[in-house]
file my_file.txt (compact mmCIF, C-alpha atoms)
# COMPACT_ATOMS: atom_id res chain seq x y z
CA MET A 1269 -31.54 20.96 -49.72
CA ALA A 1270 -30.78 23.16 -52.73
CA ASN A 1271 -28.10 22.05 -55.15
CA PRO A 1272 -24.90 23.93 -54.15
CA ILE A 1273 -23.79 24.16 -57.78
CA ALA A 1274 -27.14 25.75 -58.68
CA LYS A 1275 -26.58 28.25 -55.87
CA VAL A 1276 -23.20 29.19 -57.30
CA PHE A 1277 -24.67 29.74 -60.78
CA ALA A 1278 -27.51 31.79 -59.28
CA ALA A 1279 -24.94 34.08 -57.65
CA LEU A 1280 -23.11 34.70 -60.93
CA PRO A 1281 -24.13 37.15 -63.66
CA PRO A 1282 -26.77 35.81 -66.06
CA GLY A 1283 -25.41 33.97 -69.07
CA VAL A 1284 -22.52 32.19 -67.37
CA ARG A 1285 -24.24 28.81 -67.65
CA LEU A 1286 -24.71 29.32 -71.40
CA ILE A 1287 -21.06 30.27 -71.92
CA LEU A 1288 -19.51 27.63 -69.68
CA GLY A 1289 -19.78 24.70 -72.11
CA GLY A 1290 -18.22 26.66 -74.96
CA THR A 1291 -15.43 27.88 -72.70
CA VAL A 1292 -14.61 24.32 -71.67
CA VAL A 1293 -14.50 23.13 -75.29
CA LEU A 1294 -12.33 26.04 -76.40
CA GLY A 1295 -9.98 25.61 -73.43
CA ALA A 1296 -9.65 21.87 -73.99
CA SER A 1297 -9.03 22.40 -77.69
CA SER A 1298 -5.72 24.13 -76.98
CA TYR A 1299 -4.31 21.06 -75.24
CA ILE A 1300 -5.77 18.60 -77.75
CA TYR A 1301 -4.62 20.67 -80.74
CA LEU A 1302 -1.04 20.73 -79.45
CA ALA A 1303 -1.18 17.05 -78.54
CA LEU A 1304 -2.37 16.08 -82.02
CA ALA A 1305 0.34 18.24 -83.57
CA GLY A 1306 2.86 16.42 -81.41
CA TYR A 1307 1.78 13.06 -82.80
CA SER A 1308 1.51 14.25 -86.42
CA LEU A 1309 4.62 16.41 -86.97
CA ASP A 1310 8.35 16.00 -86.52
CA ALA A 1311 10.13 17.66 -83.62
CA THR A 1312 11.08 20.83 -85.51
CA ASP A 1313 7.56 21.41 -86.82
CA VAL A 1314 6.05 20.69 -83.39
CA ALA A 1315 8.31 23.31 -81.85
CA GLY A 1316 7.28 25.83 -84.50
CA VAL A 1317 3.56 25.20 -84.06
CA SER A 1318 3.93 25.40 -80.26
CA VAL A 1319 5.70 28.76 -80.51
CA LEU A 1320 3.06 29.99 -82.96
CA TRP A 1321 0.28 29.00 -80.56
CA THR A 1322 2.07 30.73 -77.67
CA VAL A 1323 2.51 33.99 -79.60
CA VAL A 1324 -1.10 33.98 -80.79
CA MET A 1325 -2.47 33.25 -77.30
CA SER A 1326 -0.30 35.89 -75.62
CA VAL A 1327 0.34 38.79 -78.02
CA GLY A 1328 -2.85 38.22 -80.01
CA TYR A 1329 -4.89 37.94 -76.83
CA GLY A 1330 -3.38 41.14 -75.49
CA LEU A 1331 -4.18 43.06 -78.68
CA PHE A 1332 -7.69 41.89 -79.52
CA THR A 1333 -9.42 40.78 -76.30
CA PRO A 1334 -9.63 44.49 -75.34
CA VAL A 1335 -11.68 44.99 -78.51
CA GLU A 1336 -14.20 42.42 -77.30
CA LEU A 1337 -14.33 43.89 -73.79
CA GLU A 1338 -14.72 47.51 -74.90
CA LEU A 1339 -17.33 46.67 -77.53
CA ASN A 1340 -19.17 44.59 -74.91
CA ARG A 1341 -19.24 47.63 -72.61
CA ILE A 1342 -20.32 50.12 -75.27
CA VAL A 1343 -23.05 47.88 -76.73
CA SER A 1344 -24.42 47.03 -73.26
CA ALA A 1345 -24.74 50.71 -72.43
CA ARG A 1346 -26.34 51.49 -75.81
CA ASP A 1347 -28.80 48.62 -75.38
CA VAL A 1348 -30.00 50.08 -72.06
CA GLU A 1349 -30.52 53.44 -73.80
CA GLY A 1350 -32.45 51.80 -76.66
CA HIS A 1351 -29.72 52.27 -79.27
CA GLY A 1352 -28.62 49.57 -81.68
CA PRO A 1353 -25.10 48.12 -81.90
CA LEU A 1354 -24.25 48.69 -85.57
CA PRO A 1355 -23.04 52.32 -85.36
CA ALA A 1356 -20.67 51.29 -82.56
CA VAL A 1357 -19.67 48.11 -84.38
CA ARG A 1358 -18.66 50.04 -87.48
CA ARG A 1359 -16.46 52.42 -85.47
CA VAL A 1360 -14.81 49.71 -83.37
CA ALA A 1361 -14.40 47.39 -86.38
CA LEU A 1362 -12.63 50.14 -88.34
CA PHE A 1363 -10.34 50.84 -85.39
CA THR A 1364 -9.66 47.11 -85.05
CA ALA A 1365 -8.90 46.90 -88.77
CA GLY A 1366 -6.35 49.67 -88.29
CA VAL A 1367 -4.64 47.80 -85.46
CA LEU A 1368 -4.73 44.59 -87.49
CA THR A 1369 -3.25 46.32 -90.54
CA LEU A 1370 -0.37 47.63 -88.45
CA VAL A 1371 0.25 44.18 -86.97
CA LEU A 1372 0.19 42.51 -90.40
CA ALA A 1373 2.53 45.16 -91.81
CA LEU A 1374 5.02 44.48 -89.01
CA VAL A 1375 4.73 40.72 -89.51
CA ALA A 1376 5.34 41.15 -93.25
CA ALA A 1377 8.25 43.54 -92.74
CA PHE A 1378 9.98 41.23 -90.28
CA ALA A 1379 8.89 37.94 -91.85
CA ARG A 1380 12.40 36.59 -92.34
CA PRO A 1381 13.70 37.44 -88.83
CA LEU A 1382 10.50 36.04 -87.29
CA ALA A 1383 10.85 32.85 -89.31
CA ASP A 1384 14.51 32.42 -88.37
CA ARG A 1385 14.19 33.23 -84.66
CA LEU A 1386 10.83 31.63 -83.87
CA PHE A 1387 10.02 29.04 -86.52
CA SER A 1388 13.34 27.50 -87.62
CA GLY A 1389 13.22 29.42 -90.88
CA ASP A 1390 9.67 28.31 -91.85
CA LEU A 1391 8.00 31.29 -93.58
CA GLY A 1392 4.77 29.31 -93.79
CA LEU A 1393 4.33 29.68 -90.05
CA VAL A 1394 4.76 33.45 -90.38
CA LEU A 1395 1.85 33.33 -92.84
CA GLY A 1396 -0.09 31.31 -90.28
CA LEU A 1397 0.71 33.91 -87.61
CA GLY A 1398 -0.72 36.73 -89.72
CA GLY A 1399 -3.82 34.69 -90.53
CA ALA A 1400 -4.37 33.79 -86.89
CA MET A 1401 -4.31 37.51 -86.00
CA VAL A 1402 -7.06 38.08 -88.58
CA GLY A 1403 -9.14 35.30 -87.02
CA LEU A 1404 -8.69 36.76 -83.54
CA ALA A 1405 -9.63 40.26 -84.67
CA VAL A 1406 -12.85 39.18 -86.41
CA SER A 1407 -13.98 36.82 -83.63
CA SER A 1408 -13.33 39.47 -80.96
CA VAL A 1409 -15.61 41.97 -82.68
CA VAL A 1410 -18.44 39.47 -83.11
CA ARG A 1411 -18.19 38.16 -79.54
CA GLY A 1412 -18.10 41.69 -78.14
CA VAL A 1413 -21.43 42.51 -79.78
CA LEU A 1414 -23.06 39.22 -78.74
CA ALA A 1415 -22.03 39.70 -75.11
CA GLY A 1416 -23.11 43.34 -75.11
CA LEU A 1417 -26.58 42.39 -76.36
CA GLY A 1418 -26.85 39.57 -73.82
CA LEU A 1419 -26.92 36.90 -76.56
CA PHE A 1420 -24.95 34.41 -74.53
CA ARG A 1421 -26.26 31.26 -76.21
CA PRO A 1422 -24.78 32.12 -79.63
CA TYR A 1423 -21.71 33.48 -77.81
CA GLY A 1424 -21.18 30.11 -76.12
CA THR A 1425 -21.94 28.28 -79.36
CA GLN A 1426 -19.30 30.34 -81.15
CA LEU A 1427 -16.71 29.37 -78.54
CA ALA A 1428 -17.68 25.71 -78.79
CA VAL A 1429 -17.58 25.64 -82.60
CA ASP A 1430 -14.20 27.40 -82.60
CA GLY A 1431 -12.78 24.80 -80.21
CA GLY A 1432 -14.52 21.90 -81.93
CA LEU A 1433 -13.13 22.89 -85.32
CA ARG A 1434 -9.61 23.13 -83.90
CA ILE A 1435 -9.91 19.59 -82.55
CA GLY A 1436 -11.68 18.13 -85.60
CA LEU A 1437 -9.41 19.68 -88.20
CA ALA A 1438 -6.28 18.76 -86.24
CA ALA A 1439 -7.50 15.16 -86.15
CA LEU A 1440 -8.42 15.11 -89.86
CA LEU A 1441 -5.11 16.46 -91.18
CA PRO A 1442 -3.02 13.34 -90.46
CA LEU A 1443 -5.85 11.14 -91.73
CA ALA A 1444 -5.68 13.08 -94.99
CA GLY A 1445 -1.91 12.62 -95.11
CA LEU A 1446 -1.14 16.28 -94.37
CA HIS A 1447 1.76 16.26 -91.93
CA SER A 1448 2.47 19.94 -92.39
CA ALA A 1449 3.15 22.70 -89.88
CA LEU A 1450 1.53 25.21 -92.25
CA ALA A 1451 -1.66 23.13 -92.38
CA PHE A 1452 -1.81 23.03 -88.58
CA SER A 1453 -1.19 26.78 -88.39
CA LEU A 1454 -4.07 27.49 -90.78
CA ILE A 1455 -6.45 25.80 -88.34
CA LEU A 1456 -5.95 28.85 -86.11
CA VAL A 1457 -7.23 30.94 -89.03
CA VAL A 1458 -10.13 28.84 -90.27
CA ALA A 1459 -11.65 27.88 -86.90
CA PRO A 1460 -12.29 31.38 -85.45
CA LEU A 1461 -13.43 32.81 -88.81
CA ALA A 1462 -15.89 29.98 -89.43
CA ALA A 1463 -17.19 30.15 -85.86
CA SER A 1464 -17.74 33.91 -86.18
CA LEU A 1465 -20.34 33.29 -88.89
CA ILE A 1466 -22.61 31.86 -86.19
CA GLY A 1467 -22.96 35.14 -84.36
CA LEU A 1468 -22.76 37.42 -87.39
CA ARG A 1469 -26.44 36.95 -88.27
CA GLN A 1470 -27.58 38.11 -84.82
CA VAL A 1471 -25.20 41.06 -84.97
CA LEU A 1472 -26.52 42.27 -88.34
CA ALA A 1473 -30.16 41.60 -87.44
CA ASP A 1474 -30.37 44.40 -84.85
CA ARG A 1475 -31.24 47.42 -87.00
CA ARG A 1476 -31.86 49.93 -84.20
CA GLY A 1477 -30.15 53.23 -84.84
CA GLY A 1478 -28.46 55.70 -82.56
CA PRO A 1479 -25.43 57.98 -82.56
CA ALA A 1480 -22.01 56.48 -83.17
CA PRO A 1481 -19.44 56.60 -80.36
CA ALA A 1482 -16.76 59.27 -80.69
CA TRP A 1483 -13.55 58.19 -82.41
CA GLY A 1484 -11.50 59.58 -79.55
CA GLY A 1485 -13.42 57.54 -77.01
CA VAL A 1486 -13.04 54.32 -79.01
CA SER A 1487 -9.31 54.69 -79.58
CA ARG A 1488 -8.62 55.79 -76.00
CA GLY A 1489 -10.74 53.03 -74.48
CA VAL A 1490 -9.28 50.18 -76.56
CA GLY A 1491 -5.75 51.59 -76.31
CA LEU A 1492 -5.82 51.75 -72.53
CA LEU A 1493 -7.30 48.26 -72.35
CA ILE A 1494 -4.54 46.88 -74.59
CA GLY A 1495 -2.00 48.25 -72.11
CA SER A 1496 -3.87 46.72 -69.16
CA THR A 1497 -4.25 43.34 -70.85
CA LEU A 1498 -0.60 43.10 -71.86
CA LEU A 1499 0.52 44.02 -68.32
CA SER A 1500 -1.83 41.46 -66.79
CA GLN A 1501 -0.46 38.78 -69.13
CA LEU A 1502 3.07 39.78 -68.15
CA MET A 1503 2.21 39.47 -64.47
CA VAL A 1504 0.52 36.09 -64.64
CA ASN A 1505 3.41 34.60 -66.65
CA ALA A 1506 6.28 36.39 -64.91
CA ALA A 1507 7.30 33.77 -62.33
CA VAL A 1508 8.60 31.14 -64.76
CA VAL A 1509 10.20 33.71 -67.07
CA SER A 1510 11.92 35.42 -64.12
CA VAL A 1511 13.47 32.21 -62.86
CA LYS A 1512 14.58 31.30 -66.38
CA LEU A 1513 16.30 34.68 -66.74
CA LEU A 1514 17.79 34.87 -63.23
CA SER A 1515 18.81 31.23 -62.91
CA PRO A 1516 19.00 29.80 -66.44
CA ASP A 1517 21.01 26.74 -65.44
CA ASP A 1518 18.51 25.53 -62.84
CA VAL A 1519 16.38 23.57 -65.30
CA VAL A 1520 14.81 21.44 -62.55
CA LEU A 1521 13.45 24.52 -60.78
CA VAL A 1522 12.19 26.07 -64.03
CA GLY A 1523 10.37 22.86 -65.00
CA ALA A 1524 8.89 22.37 -61.54
CA LEU A 1525 7.75 25.99 -61.33
CA LEU A 1526 6.09 25.83 -64.75
CA SER A 1527 4.16 22.75 -63.63
CA ALA A 1528 3.23 24.42 -60.34
CA VAL A 1529 1.96 27.54 -62.11
CA VAL A 1530 -0.26 25.40 -64.34
CA LEU A 1531 -1.86 23.82 -61.27
CA ALA A 1532 -2.23 27.10 -59.37
CA ARG A 1533 -3.91 28.80 -62.33
CA VAL A 1534 -6.71 26.25 -62.78
CA PRO A 1535 -9.39 28.68 -61.43
CA LEU A 1536 -8.47 31.15 -64.19
CA PHE A 1537 -9.97 28.79 -66.78
CA ALA A 1538 -13.29 28.81 -64.94
CA TYR A 1539 -13.24 32.61 -64.70
CA ALA A 1540 -13.07 32.86 -68.50
CA ALA A 1541 -16.74 31.77 -68.55
CA ILE A 1542 -17.69 34.63 -66.20
CA GLN A 1543 -15.88 37.56 -67.81
CA ALA A 1544 -18.14 38.35 -70.79
CA SER A 1545 -21.35 38.10 -68.77
CA LEU A 1546 -19.85 40.14 -65.92
CA VAL A 1547 -18.86 43.06 -68.17
CA SER A 1548 -22.26 43.01 -69.89
CA THR A 1549 -24.20 43.00 -66.61
CA LEU A 1550 -22.08 45.64 -64.89
CA SER A 1551 -22.07 47.90 -67.94
CA GLY A 1552 -25.86 47.69 -68.19
CA SER A 1553 -26.23 48.55 -64.51
CA ALA A 1554 -23.77 51.44 -64.90
CA ALA A 1555 -25.66 52.85 -67.88
CA ALA A 1556 -28.95 52.61 -65.98
CA GLY A 1557 -27.46 54.21 -62.86
CA ASP A 1558 -28.45 51.15 -60.79
CA HIS A 1559 -25.89 51.28 -57.98
CA GLY A 1560 -27.53 48.50 -56.02
CA GLU A 1561 -27.43 45.93 -58.81
CA PHE A 1562 -23.89 46.96 -59.73
CA ARG A 1563 -22.67 46.38 -56.17
CA ARG A 1564 -24.63 43.14 -55.73
CA THR A 1565 -23.24 41.67 -58.97
CA LEU A 1566 -19.71 42.70 -58.04
CA LEU A 1567 -19.95 41.34 -54.49
CA ARG A 1568 -21.47 38.02 -55.61
CA THR A 1569 -18.84 37.54 -58.31
CA THR A 1570 -16.03 38.39 -55.90
CA ALA A 1571 -17.40 35.86 -53.40
CA VAL A 1572 -17.66 33.13 -56.05
CA VAL A 1573 -14.11 33.82 -57.24
CA GLY A 1574 -12.87 33.55 -53.65
CA LEU A 1575 -14.76 30.28 -53.24
CA MET A 1576 -13.34 28.89 -56.49
CA CYS A 1577 -9.79 29.76 -55.49
CA THR A 1578 -10.23 28.27 -52.02
CA ALA A 1579 -11.78 25.05 -53.33
CA ALA A 1580 -9.01 24.57 -55.88
CA GLY A 1581 -6.20 26.12 -53.85
CA VAL A 1582 -6.32 24.07 -50.64
CA PRO A 1583 -5.73 20.69 -52.34
CA THR A 1584 -3.16 22.34 -54.62
CA VAL A 1585 -1.14 23.58 -51.64
CA VAL A 1586 -1.33 20.24 -49.83
CA LEU A 1587 -0.83 17.90 -52.79
CA GLY A 1588 1.00 20.15 -55.25
CA PRO A 1589 4.58 18.95 -54.58
CA TRP A 1590 3.45 15.37 -55.19
CA LEU A 1591 1.11 16.13 -58.12
CA ILE A 1592 3.69 17.91 -60.27
CA GLN A 1593 5.97 14.90 -59.99
CA LEU A 1594 3.13 12.50 -60.81
CA LEU A 1595 1.46 14.47 -63.62
CA PHE A 1596 4.37 16.35 -65.18
CA ASN A 1597 7.39 14.28 -64.14
CA ALA A 1598 8.80 17.42 -62.49
CA GLY A 1599 11.74 17.31 -60.11
CA PRO A 1600 11.28 17.65 -56.33
CA ALA A 1601 12.23 21.32 -56.27
CA LEU A 1602 9.14 22.86 -54.62
CA GLY A 1603 7.35 22.47 -51.29
CA CYS A 1604 3.89 23.32 -49.97
CA LEU A 1605 4.95 26.88 -49.10
CA ASP A 1606 5.85 27.54 -52.74
CA PHE A 1607 2.38 26.44 -53.78
CA LEU A 1608 0.81 28.63 -51.10
CA TRP A 1609 2.44 31.75 -52.56
CA LEU A 1610 1.35 30.80 -56.08
CA VAL A 1611 -2.23 30.03 -55.02
CA LEU A 1612 -2.53 33.31 -53.10
CA GLY A 1613 -1.04 35.11 -56.09
CA THR A 1614 -3.69 33.58 -58.35
CA LEU A 1615 -6.42 34.63 -55.92
CA CYS A 1616 -5.17 38.23 -55.91
CA PHE A 1617 -4.75 38.19 -59.69
CA MET A 1618 -8.34 37.00 -60.19
CA LEU A 1619 -9.65 39.63 -57.77
CA ALA A 1620 -7.68 42.27 -59.68
CA THR A 1621 -9.28 41.01 -62.89
CA VAL A 1622 -12.80 41.21 -61.41
CA PHE A 1623 -12.20 44.72 -60.05
CA GLY A 1624 -10.65 45.67 -63.39
CA GLN A 1625 -13.81 44.58 -65.25
CA ALA A 1626 -15.86 46.70 -62.84
CA LEU A 1627 -13.67 49.74 -63.54
CA LEU A 1628 -13.99 49.05 -67.26
CA SER A 1629 -17.79 49.02 -66.90
CA LEU A 1630 -17.63 52.44 -65.26
CA GLY A 1631 -15.38 53.85 -67.99
CA ARG A 1632 -12.41 54.03 -65.58
CA HIS A 1633 -9.89 52.56 -68.01
CA GLN A 1634 -7.03 54.73 -66.83
CA GLN A 1635 -7.34 53.67 -63.18
CA GLN A 1636 -7.24 50.04 -64.26
CA LEU A 1637 -4.07 50.60 -66.29
CA LEU A 1638 -2.39 52.54 -63.47
CA SER A 1639 -3.16 49.74 -61.01
CA TRP A 1640 -1.58 47.15 -63.31
CA LEU A 1641 1.44 49.42 -63.74
CA ALA A 1642 1.84 49.77 -59.96
CA GLY A 1643 1.54 46.01 -59.50
CA THR A 1644 4.08 45.34 -62.24
CA ALA A 1645 6.57 47.72 -60.61
CA VAL A 1646 6.19 45.93 -57.28
CA LEU A 1647 6.56 42.55 -59.00
CA VAL A 1648 9.88 43.65 -60.52
CA LEU A 1649 11.18 45.08 -57.22
CA VAL A 1650 10.37 41.95 -55.22
CA THR A 1651 11.68 39.59 -57.91
CA LEU A 1652 15.00 41.44 -58.09
CA GLY A 1653 15.39 41.58 -54.29
CA PRO A 1654 17.54 39.35 -52.10
CA GLY A 1655 16.83 35.71 -51.31
CA ASP A 1656 16.13 32.46 -53.08
CA VAL A 1657 15.32 33.08 -56.73
CA GLY A 1658 12.27 30.79 -56.81
CA THR A 1659 10.77 32.32 -53.68
CA ARG A 1660 11.40 35.83 -54.99
CA ALA A 1661 9.57 35.02 -58.23
CA GLU A 1662 6.61 33.54 -56.35
CA LEU A 1663 6.38 36.42 -53.86
CA GLY A 1664 6.81 38.92 -56.69
CA TYR A 1665 3.74 37.45 -58.41
CA LEU A 1666 1.77 37.57 -55.14
CA ALA A 1667 2.85 41.11 -54.21
CA GLY A 1668 2.28 42.49 -57.70
CA ALA A 1669 -1.19 40.98 -58.00
CA ALA A 1670 -2.13 42.13 -54.49
CA VAL A 1671 -1.05 45.73 -55.20
CA SER A 1672 -2.98 45.73 -58.49
CA ALA A 1673 -6.11 44.39 -56.79
CA ALA A 1674 -5.83 46.89 -53.93
CA GLY A 1675 -5.36 49.80 -56.34
CA MET A 1676 -8.43 48.83 -58.35
CA LEU A 1677 -10.54 48.29 -55.23
CA TRP A 1678 -9.57 51.75 -53.99
CA SER A 1679 -10.54 53.23 -57.36
CA LEU A 1680 -13.90 51.47 -57.18
CA PHE A 1681 -14.58 52.92 -53.74
CA ARG A 1682 -13.79 56.37 -55.10
CA SER A 1683 -16.01 55.81 -58.14
CA LEU A 1684 -18.96 54.49 -56.13
CA PRO A 1685 -19.16 56.73 -53.02
CA ALA A 1686 -22.27 56.60 -50.88
CA GLY A 1687 -24.64 59.43 -51.50
CA ARG A 1688 -23.53 60.14 -55.07
CA PRO A 1689 -25.98 58.25 -57.28
CA SER A 1690 -24.67 59.92 -60.43
CA ALA A 1691 -21.22 58.34 -60.08
CA VAL A 1692 -22.20 55.24 -62.04
CA ALA A 1693 -24.52 56.90 -64.50
CA ALA A 1694 -21.96 59.51 -65.55
CA PRO A 1695 -18.37 58.29 -65.25
CA ALA A 1696 -15.60 60.77 -65.89
CA PRO A 1697 -15.43 61.35 -69.65
CA ALA A 1698 -11.62 61.47 -69.63
CA GLU A 1699 -11.50 57.77 -68.86
CA GLY A 1700 -12.95 56.62 -72.18
CA PRO A 1701 -16.38 56.22 -73.77
CA SER A 1702 -19.04 56.02 -71.09
CA SER A 1703 -22.66 55.22 -71.73
CA ALA A 1704 -23.15 58.90 -72.48
CA ALA A 1705 -20.18 58.94 -74.83
CA ALA A 1706 -22.21 57.37 -77.61
CA VAL A 1707 -22.81 60.93 -78.82
CA PRO A 1708 -20.18 62.07 -81.31
CA GLY A 1709 -17.80 64.60 -79.94
CA SER A 1710 -18.66 63.92 -76.29
call {"tool": "encode", "arguments": {"input": "my_file.txt", "output": "C-alpha cells"}}
result
Amino acid sequence: MANPIAKVFAALPPGVRLILGGTVVLGASSYIYLALAGYSLDATDVAGVSVLWTVVMSVGYGLFTPVELELNRIVSARDVEGHGPLPAVRRVALFTAGVLTLVLALVAAFARPLADRLFSGDLGLVLGLGGAMVGLAVSSVVRGVLAGLGLFRPYGTQLAVDGGLRIGLAALLPLAGLHSALAFSLILVVAPLAASLIGLRQVLADRRGGPAPAWGGVSRGVGLLIGSTLLSQLMVNAAVVSVKLLSPDDVVLVGALLSAVVLARVPLFAYAAIQASLVSTLSGSAAAGDHGEFRRTLLRTTAVVGLMCTAAGVPTVVLGPWLIQLLFNAGPALGCLDFLWLVLGTLCFMLATVFGQALLSLGRHQQQLLSWLAGTAVLVLVTLGPGDVGTRAELGYLAGAAVSAAGMLWSLFRSLPAGRPSAVAAPAPAEGPSSAAAVPGS
C-alpha cells in the first residue's frame, strides 16, 4: 500500500516538500524567540519585544508579502516565455524601496508617539521596528524571485536559515550578557538580511533578458495585493479583537477565545509551505495557457486543504474545550460548538486564500480584493448583530470567510469558462500585470 503522506505530497504543487522544512523552522522560531526573550528580559522589555514582533508580523506581513507574491507571479510567467527575472526584479525592487521609504519616514516622524504608546518609551525598539521592515522588504524580493524560478530548495533553505538565526542569536544574547530589548529587536533585522544572501546568488545568476514590466502594472498589482493581504489579516484576527472591544471586562472569554483561535488555526501553518509553490505553478500554467493543469493543480490543492482542515478540525472540536484549559490554563468559557464555528471559519478562510492565489495567478487582483471587502463587511454586520458576543464573533469570522471564498470561487468560474481557452493565457489587463504585461506600456 502506498504511503498516504507520499500521496498527499504528490497531489500538491511541486516544491512543497522542499519548502516544508524551512517553513517549520521559521514558524517554530517565532515561539522560541519570544520564549527566550521572556527568560532573558524583564517584564517591561518582554512586553515591548512582544508588541514589536506582533507589529512586524501583522503590518509588515501585510505590506511586503504582496511583493513576494506578485514577483513570484511575474517571474513565473516570464520564465515560461523565456525571459529572465532581472528586469522585473529591478522594477519591483524599486517600487518596494519606495514603499519602504514611506514606511521608514512615518516611523521616524512618529518615533516618540510610537515609543510611548507601544514600547514604554523605548526609542531603541522603534529603531528595531524600522530595521525589521528593511529585513522583510529585502527577503520578500529575494523569495519572490526564487519561487518564480522554481528554485524551491534555496527558498526553503532561506526560510530555515532565517528561523535558525532567530533561535541561535536569541539563545546567544543572554550567554553574552546582553539582556537588552534593542539587541533582541535587532535579531529581526539581521536574520532575514543574512538569510537573503543565500538566494541572492541564484537571483543574480540568471542573465536572460526580456522587456521590463510596466510601472503601472507593478504598482497596481502590488497595491491591490496589499489591500487584500491587510483585509485577510484583519479577518483572521477579528474574533479576539471584537470580543475585547465589545466585552472588555470579560477577560476569561477573551483569554479562552485567543487560545481557541490558536488551536483552530493550526492548518494555516501547514498552508504556508504550499503558498509559494502554488502561485508559481498556477502562474506558469496561466502563462502557458494550460487550462487543464491549472484546474488540476487548483482542485488537488483545494482537496488537500479540505483534508488538512478535517484531520485537524475534528479533534479540535471534540477536545478543544479541554485542551485550552490544559495547554493554556484558559477558563471554561467555550464549548464544542464554539470550536466548530472557529474550525469551519478556518476552513473557509483557507479556501478563500487558495482561490485568492488562483485569481492572483490569472491577474485578477481586483476580484480578490473585492471578495475580501465583501467578506469583511459581512463579518462586521454579523459581529455587531444581536446575541452572545462570543458567538457573534465566531459566526462573524465564519460568515466573512465563507462570503470571501464564495466570491473568489465565482470569479474563478467567470475567468475560466468552458470553451474559452484564451481566458487563462490573456487575463484582463485592467487587473494588473499579466504574463503579457511584461511589455512596457501594455
call {"tool": "closest_residue", "arguments": {"input": "my_file.txt", "among": "A:Ala1356, A:Val1319, A:Ala1473, A:Leu1591", "to": "Leu1382 of chain A", "atoms": "all atoms listed in the file"}}
result
A:Val1319
call {"tool": "atom_distance", "arguments": {"input": "my_file.txt", "atom1": "atom CA of Gly1399 of chain A", "atom2": "atom CA of Val1343 of chain A"}}
result
27.1 Å
call {"tool": "closest_residue", "arguments": {"input": "my_file.txt", "among": "A:Arg1563, A:Arg1434, A:Arg1469, A:Arg1346", "to": "Ala1296 of chain A", "atoms": "all atoms listed in the file"}}
result
A:Arg1434
call {"tool": "closest_residue", "arguments": {"input": "my_file.txt", "among": "A:Ile1342, A:Val1573, A:Val1367, A:Val1292", "to": "Val1547 of chain A", "atoms": "all atoms listed in the file"}}
result
A:Ile1342
call {"tool": "atom_distance", "arguments": {"input": "my_file.txt", "atom1": "atom CA of Val1394 of chain A", "atom2": "atom CA of Met1325 of chain A"}}
result
14.9 Å
call {"tool": "residues_around", "arguments": {"input": "my_file.txt", "residues": "Gly1668 of chain A", "least_positions_apart": "6", "cutoff": "10 Å", "atoms": "only C-alpha atoms", "output": "PyMOL selection string"}}
result
chain A and resi 1503-1504+1613+1616-1617+1639-1651+1674
call {"tool": "decode", "arguments": {"input": "my_file.txt", "residues": "segment 1522-1532 of chain A", "atoms": "N, CA, C and O atoms", "output": "mmCIF file, in the first residue's frame"}}
result
data_model
loop_
_atom_site.group_PDB
_atom_site.id
_atom_site.type_symbol
_atom_site.label_atom_id
_atom_site.label_comp_id
_atom_site.auth_asym_id
_atom_site.auth_seq_id
_atom_site.Cartn_x
_atom_site.Cartn_y
_atom_site.Cartn_z
ATOM 1 N N VAL A 1522 -12.122 36.399 26.672
ATOM 2 C CA VAL A 1522 -11.076 36.847 25.745
ATOM 3 C C VAL A 1522 -9.903 35.877 25.752
ATOM 4 O O VAL A 1522 -9.397 35.468 24.697
ATOM 5 N N GLY A 1523 -9.461 35.474 26.951
ATOM 6 C CA GLY A 1523 -8.342 34.538 27.046
ATOM 7 C C GLY A 1523 -8.662 33.183 26.459
ATOM 8 O O GLY A 1523 -7.844 32.587 25.740
ATOM 9 N N ALA A 1524 -9.877 32.672 26.732
ATOM 10 C CA ALA A 1524 -10.267 31.379 26.193
ATOM 11 C C ALA A 1524 -10.387 31.424 24.679
ATOM 12 O O ALA A 1524 -9.975 30.492 23.969
ATOM 13 N N LEU A 1525 -10.944 32.524 24.148
ATOM 14 C CA LEU A 1525 -11.117 32.629 22.705
ATOM 15 C C LEU A 1525 -9.770 32.740 22.003
ATOM 16 O O LEU A 1525 -9.571 32.152 20.928
ATOM 17 N N LEU A 1526 -8.830 33.474 22.580
ATOM 18 C CA LEU A 1526 -7.492 33.555 21.998
ATOM 19 C C LEU A 1526 -6.852 32.168 21.913
ATOM 20 O O LEU A 1526 -6.281 31.793 20.879
ATOM 21 N N SER A 1527 -6.984 31.388 22.976
ATOM 22 C CA SER A 1527 -6.436 30.031 22.974
ATOM 23 C C SER A 1527 -7.137 29.159 21.941
ATOM 24 O O SER A 1527 -6.501 28.366 21.229
ATOM 25 N N ALA A 1528 -8.452 29.307 21.824
ATOM 26 C CA ALA A 1528 -9.222 28.516 20.865
ATOM 27 C C ALA A 1528 -8.838 28.857 19.433
ATOM 28 O O ALA A 1528 -8.727 27.969 18.573
ATOM 29 N N VAL A 1529 -8.626 30.144 19.158
ATOM 30 C CA VAL A 1529 -8.228 30.565 17.813
ATOM 31 C C VAL A 1529 -6.868 29.983 17.451
ATOM 32 O O VAL A 1529 -6.650 29.553 16.307
ATOM 33 N N VAL A 1530 -5.950 29.936 18.398
ATOM 34 C CA VAL A 1530 -4.637 29.344 18.142
ATOM 35 C C VAL A 1530 -4.777 27.884 17.717
ATOM 36 O O VAL A 1530 -4.143 27.432 16.746
ATOM 37 N N LEU A 1531 -5.626 27.133 18.417
ATOM 38 C CA LEU A 1531 -5.828 25.732 18.062
ATOM 39 C C LEU A 1531 -6.512 25.589 16.702
ATOM 40 O O LEU A 1531 -6.120 24.751 15.880
ATOM 41 N N ALA A 1532 -7.529 26.396 16.454
ATOM 42 C CA ALA A 1532 -8.296 26.266 15.216
ATOM 43 C C ALA A 1532 -7.471 26.635 13.997
ATOM 44 O O ALA A 1532 -7.751 26.180 12.881
#
